[in-house]
Amino acid sequence: MNMIYNSPTYCVVEFGAINGHVGGFEIMDKLSRREIYLEGTLARQFKREVQELISGEPSIEEIDAFLGKFSGMMQQPLTLH
C-alpha cells in the first residue's frame with residue numbers, strides 16, 4: 001500500500017499485487033466521504049491517465065479536477081478504522 005496523492009479533497013492509495021492478485025487504486029473523496037477501488041482494466045487506464053497528467057506538472061486544482069471525474073462512480077461510504 002502506497003499513498004500516491006493527498007490533498008484537502010482527495011486521497012489516492014496504490015495497492016500492489018499480492019499473491020498473484022492484481023493490485024489497484026483506492027480513490028477517496030474526503031468531502032463527500034465516499035470512495036472507489038479501481039482494479040484490472042480500470043486501474044491500468046487510471047495509471048496511464050495519471051502518468052500523462054503528471055508529465056505536465058499539474059497544480060493541485062488540476063489533479064483534484066481529474067479525480068473529480070470519478071466522483072459519480074464513488075458509491076462506497078468512506079469509513080475510518
# chains A, B, ... in the order shown; residues from 1 in each chain; ligands from 1
$ residues_around --residues "Leu53 (chain A)" --least-positions-apart "3" --cutoff "12 Å" --atoms "only C-alpha atoms" --output "PyMOL selection string"
chain A and resi 46-50+56-60+62-67
$ select_by_dssp --residues "chain A" --states "strand (DSSP E or B)" --output "number ranges by chain"
A: 2-6, 10-15, 18, 21, 24-29, 34-39, 76-77
$ closest_residue --among "A:Ala17, A:Met73, A:Val22, A:Met28" --to "Ile4 (chain A)" --atoms "only C-alpha atoms"
A:Met28
$ closest_residue --among "A:Asn19, A:Ser71, A:Glu14, A:Ser55" --to "Ala43 (chain A)" --atoms "only C-alpha atoms"
A:Glu14
$ select_by_dssp --residues "chain A" --states "alpha helix (DSSP H)" --output "PyMOL selection string"
chain A and resi 40-54+60-68
$ write_last_selection --atoms "N, CA and C atoms" --output "PDB file, in the first residue's frame"
ATOM      1  N   GLY A  40      -7.888  -4.039 -12.232  1.00  0.00           N
ATOM      2  CA  GLY A  40      -7.931  -4.566 -13.584  1.00  0.00           C
ATOM      3  C   GLY A  40      -7.772  -3.485 -14.638  1.00  0.00           C
ATOM      4  N   THR A  41      -8.629  -3.542 -15.649  1.00  0.00           N
ATOM      5  CA  THR A  41      -8.568  -2.611 -16.775  1.00  0.00           C
ATOM      6  C   THR A  41      -8.716  -1.167 -16.320  1.00  0.00           C
ATOM      7  N   LEU A  42      -9.644  -0.908 -15.401  1.00  0.00           N
ATOM      8  CA  LEU A  42      -9.827   0.468 -14.909  1.00  0.00           C
ATOM      9  C   LEU A  42      -8.579   0.977 -14.201  1.00  0.00           C
ATOM     10  N   ALA A  43      -7.917   0.114 -13.444  1.00  0.00           N
ATOM     11  CA  ALA A  43      -6.694   0.521 -12.734  1.00  0.00           C
ATOM     12  C   ALA A  43      -5.578   0.834 -13.730  1.00  0.00           C
ATOM     13  N   ARG A  44      -5.449   0.016 -14.746  1.00  0.00           N
ATOM     14  CA  ARG A  44      -4.414   0.270 -15.766  1.00  0.00           C
ATOM     15  C   ARG A  44      -4.689   1.571 -16.519  1.00  0.00           C
ATOM     16  N   GLN A  45      -5.938   1.813 -16.857  1.00  0.00           N
ATOM     17  CA  GLN A  45      -6.307   3.049 -17.540  1.00  0.00           C
ATOM     18  C   GLN A  45      -6.056   4.249 -16.634  1.00  0.00           C
ATOM     19  N   PHE A  46      -6.423   4.140 -15.359  1.00  0.00           N
ATOM     20  CA  PHE A  46      -6.198   5.211 -14.392  1.00  0.00           C
ATOM     21  C   PHE A  46      -4.709   5.524 -14.296  1.00  0.00           C
ATOM     22  N   LYS A  47      -3.883   4.506 -14.209  1.00  0.00           N
ATOM     23  CA  LYS A  47      -2.431   4.704 -14.098  1.00  0.00           C
ATOM     24  C   LYS A  47      -1.875   5.421 -15.320  1.00  0.00           C
ATOM     25  N   ARG A  48      -2.323   5.029 -16.513  1.00  0.00           N
ATOM     26  CA  ARG A  48      -1.884   5.704 -17.752  1.00  0.00           C
ATOM     27  C   ARG A  48      -2.290   7.176 -17.746  1.00  0.00           C
ATOM     28  N   GLU A  49      -3.532   7.447 -17.364  1.00  0.00           N
ATOM     29  CA  GLU A  49      -4.027   8.824 -17.346  1.00  0.00           C
ATOM     30  C   GLU A  49      -3.296   9.670 -16.302  1.00  0.00           C
ATOM     31  N   VAL A  50      -2.984   9.075 -15.155  1.00  0.00           N
ATOM     32  CA  VAL A  50      -2.237   9.797 -14.122  1.00  0.00           C
ATOM     33  C   VAL A  50      -0.824  10.113 -14.616  1.00  0.00           C
ATOM     34  N   GLN A  51      -0.173   9.144 -15.251  1.00  0.00           N
ATOM     35  CA  GLN A  51       1.175   9.381 -15.774  1.00  0.00           C
ATOM     36  C   GLN A  51       1.175  10.502 -16.808  1.00  0.00           C
ATOM     37  N   GLU A  52       0.159  10.520 -17.654  1.00  0.00           N
ATOM     38  CA  GLU A  52       0.033  11.593 -18.654  1.00  0.00           C
ATOM     39  C   GLU A  52      -0.207  12.933 -17.968  1.00  0.00           C
ATOM     40  N   LEU A  53      -1.069  12.946 -16.962  1.00  0.00           N
ATOM     41  CA  LEU A  53      -1.389  14.173 -16.238  1.00  0.00           C
ATOM     42  C   LEU A  53      -0.156  14.740 -15.541  1.00  0.00           C
ATOM     43  N   ILE A  54       0.583  13.918 -14.834  1.00  0.00           N
ATOM     44  CA  ILE A  54       1.718  14.427 -14.062  1.00  0.00           C
ATOM     45  C   ILE A  54       2.902  14.809 -14.933  1.00  0.00           C
ATOM     46  N   ILE A  60      -2.466  21.335  -7.860  1.00  0.00           N
ATOM     47  CA  ILE A  60      -3.359  20.534  -7.031  1.00  0.00           C
ATOM     48  C   ILE A  60      -4.790  20.636  -7.549  1.00  0.00           C
ATOM     49  N   GLU A  61      -5.177  21.822  -7.985  1.00  0.00           N
ATOM     50  CA  GLU A  61      -6.534  22.016  -8.510  1.00  0.00           C
ATOM     51  C   GLU A  61      -6.769  21.164  -9.755  1.00  0.00           C
ATOM     52  N   GLU A  62      -5.768  21.062 -10.618  1.00  0.00           N
ATOM     53  CA  GLU A  62      -5.909  20.243 -11.835  1.00  0.00           C
ATOM     54  C   GLU A  62      -5.989  18.760 -11.495  1.00  0.00           C
ATOM     55  N   ILE A  63      -5.200  18.323 -10.527  1.00  0.00           N
ATOM     56  CA  ILE A  63      -5.260  16.919 -10.120  1.00  0.00           C
ATOM     57  C   ILE A  63      -6.610  16.623  -9.477  1.00  0.00           C
ATOM     58  N   ASP A  64      -7.068  17.509  -8.608  1.00  0.00           N
ATOM     59  CA  ASP A  64      -8.380  17.315  -7.988  1.00  0.00           C
ATOM     60  C   ASP A  64      -9.498  17.296  -9.030  1.00  0.00           C
ATOM     61  N   ALA A  65      -9.395  18.122 -10.049  1.00  0.00           N
ATOM     62  CA  ALA A  65     -10.399  18.122 -11.119  1.00  0.00           C
ATOM     63  C   ALA A  65     -10.387  16.786 -11.856  1.00  0.00           C
ATOM     64  N   PHE A  66      -9.201  16.245 -12.098  1.00  0.00           N
ATOM     65  CA  PHE A  66      -9.083  14.933 -12.741  1.00  0.00           C
ATOM     66  C   PHE A  66      -9.740  13.865 -11.875  1.00  0.00           C
ATOM     67  N   LEU A  67      -9.440  13.851 -10.590  1.00  0.00           N
ATOM     68  CA  LEU A  67     -10.019  12.858  -9.683  1.00  0.00           C
ATOM     69  C   LEU A  67     -11.519  13.042  -9.526  1.00  0.00           C
ATOM     70  N   GLY A  68     -11.990  14.276  -9.680  1.00  0.00           N
ATOM     71  CA  GLY A  68     -13.419  14.569  -9.569  1.00  0.00           C
ATOM     72  C   GLY A  68     -14.262  13.848 -10.596  1.00  0.00           C
TER      73      GLY A  68
END
$ closest_residue --among "A:Tyr10, A:Gly16, A:Met3, A:Lys69" --to "Ser32 (chain A)" --atoms "only C-alpha atoms"
A:Tyr10
$ atom_distance --atom1 "CA of Tyr5 (chain A)" --atom2 "CA of Ile18 (chain A)"
21.3 Å
$ atom_distance --atom1 "CA of Asn6 (chain A)" --atom2 "CA of Glu26 (chain A)"
11.8 Å
$ atom_distance --atom1 "CA of Ser7 (chain A)" --atom2 "CA of Phe70 (chain A)"
15.6 Å
$ closest_residue --among "A:Val13, A:Phe25, A:Thr79, A:Met1" --to "Leu38 (chain A)" --atoms "only C-alpha atoms"
A:Phe25
$ decode --residues "region 2-81 of chain A" --atoms "C-alpha atoms" --output "short mmCIF file (atom, residue, chain, number, x, y, z; two decimals), in the first residue's frame"
data_model
loop_
_atom_site.label_atom_id
_atom_site.label_comp_id
_atom_site.auth_asym_id
_atom_site.auth_seq_id
_atom_site.Cartn_x
_atom_site.Cartn_y
_atom_site.Cartn_z
CA ASN A 2 1.45 3.36 -1.05
CA MET A 3 -0.25 6.75 -0.71
CA ILE A 4 0.43 8.48 -4.01
CA TYR A 5 -1.69 11.62 -3.56
CA ASN A 6 -3.19 13.51 -0.65
CA SER A 7 -4.92 16.89 -0.84
CA PRO A 8 -7.59 18.52 1.32
CA THR A 9 -10.18 16.98 -1.04
CA TYR A 10 -8.82 13.64 -2.28
CA CYS A 11 -6.52 10.83 -1.25
CA VAL A 12 -5.26 8.10 -3.61
CA VAL A 13 -3.67 4.88 -2.41
CA GLU A 14 -1.99 2.37 -4.70
CA PHE A 15 -2.15 -1.32 -3.79
CA GLY A 16 0.45 -3.60 -5.32
CA ALA A 17 -0.12 -7.16 -6.47
CA ILE A 18 -0.36 -9.68 -3.60
CA ASN A 19 -0.12 -13.45 -4.05
CA GLY A 20 -0.73 -13.18 -7.77
CA HIS A 21 -3.80 -10.95 -7.41
CA VAL A 22 -3.80 -7.76 -9.45
CA GLY A 23 -3.29 -4.54 -7.48
CA GLY A 24 -5.37 -1.42 -7.81
CA PHE A 25 -6.08 2.11 -6.67
CA GLU A 26 -8.38 3.43 -3.98
CA ILE A 27 -9.64 6.98 -4.61
CA MET A 28 -11.20 8.68 -1.60
CA ASP A 29 -13.25 11.88 -1.70
CA LYS A 30 -12.82 13.40 1.75
CA LEU A 31 -15.60 15.96 1.36
CA SER A 32 -18.36 13.58 0.27
CA ARG A 33 -16.90 10.75 2.38
CA ARG A 34 -17.12 8.28 -0.50
CA GLU A 35 -14.56 6.09 -2.18
CA ILE A 36 -13.97 3.72 -5.07
CA TYR A 37 -11.49 0.92 -5.67
CA LEU A 38 -10.21 0.50 -9.22
CA GLU A 39 -8.67 -2.76 -10.35
CA GLY A 40 -7.93 -4.57 -13.58
CA THR A 41 -8.57 -2.61 -16.78
CA LEU A 42 -9.83 0.47 -14.91
CA ALA A 43 -6.69 0.52 -12.73
CA ARG A 44 -4.41 0.27 -15.77
CA GLN A 45 -6.31 3.05 -17.54
CA PHE A 46 -6.20 5.21 -14.39
CA LYS A 47 -2.43 4.70 -14.10
CA ARG A 48 -1.88 5.70 -17.75
CA GLU A 49 -4.03 8.82 -17.35
CA VAL A 50 -2.24 9.80 -14.12
CA GLN A 51 1.18 9.38 -15.77
CA GLU A 52 0.03 11.59 -18.65
CA LEU A 53 -1.39 14.17 -16.24
CA ILE A 54 1.72 14.43 -14.06
CA SER A 55 4.01 14.75 -17.08
CA GLY A 56 2.63 18.29 -17.41
CA GLU A 57 3.38 19.19 -13.76
CA PRO A 58 -0.26 19.94 -12.86
CA SER A 59 -1.45 22.04 -9.94
CA ILE A 60 -3.36 20.53 -7.03
CA GLU A 61 -6.53 22.02 -8.51
CA GLU A 62 -5.91 20.24 -11.83
CA ILE A 63 -5.26 16.92 -10.12
CA ASP A 64 -8.38 17.31 -7.99
CA ALA A 65 -10.40 18.12 -11.12
CA PHE A 66 -9.08 14.93 -12.74
CA LEU A 67 -10.02 12.86 -9.68
CA GLY A 68 -13.42 14.57 -9.57
CA LYS A 69 -14.46 12.76 -12.72
CA PHE A 70 -14.60 9.57 -10.64
CA SER A 71 -16.97 11.06 -8.06
CA GLY A 72 -20.09 9.81 -9.85
CA MET A 73 -18.77 6.25 -9.55
CA MET A 74 -18.00 6.51 -5.82
CA GLN A 75 -20.71 4.55 -4.04
CA GLN A 76 -18.83 3.09 -1.08
CA PRO A 77 -19.06 5.18 2.11
CA LEU A 78 -15.68 6.15 3.50
CA THR A 79 -15.11 4.75 6.98
CA LEU A 80 -12.16 5.29 9.25
CA HIS A 81 -10.67 2.38 11.15
#
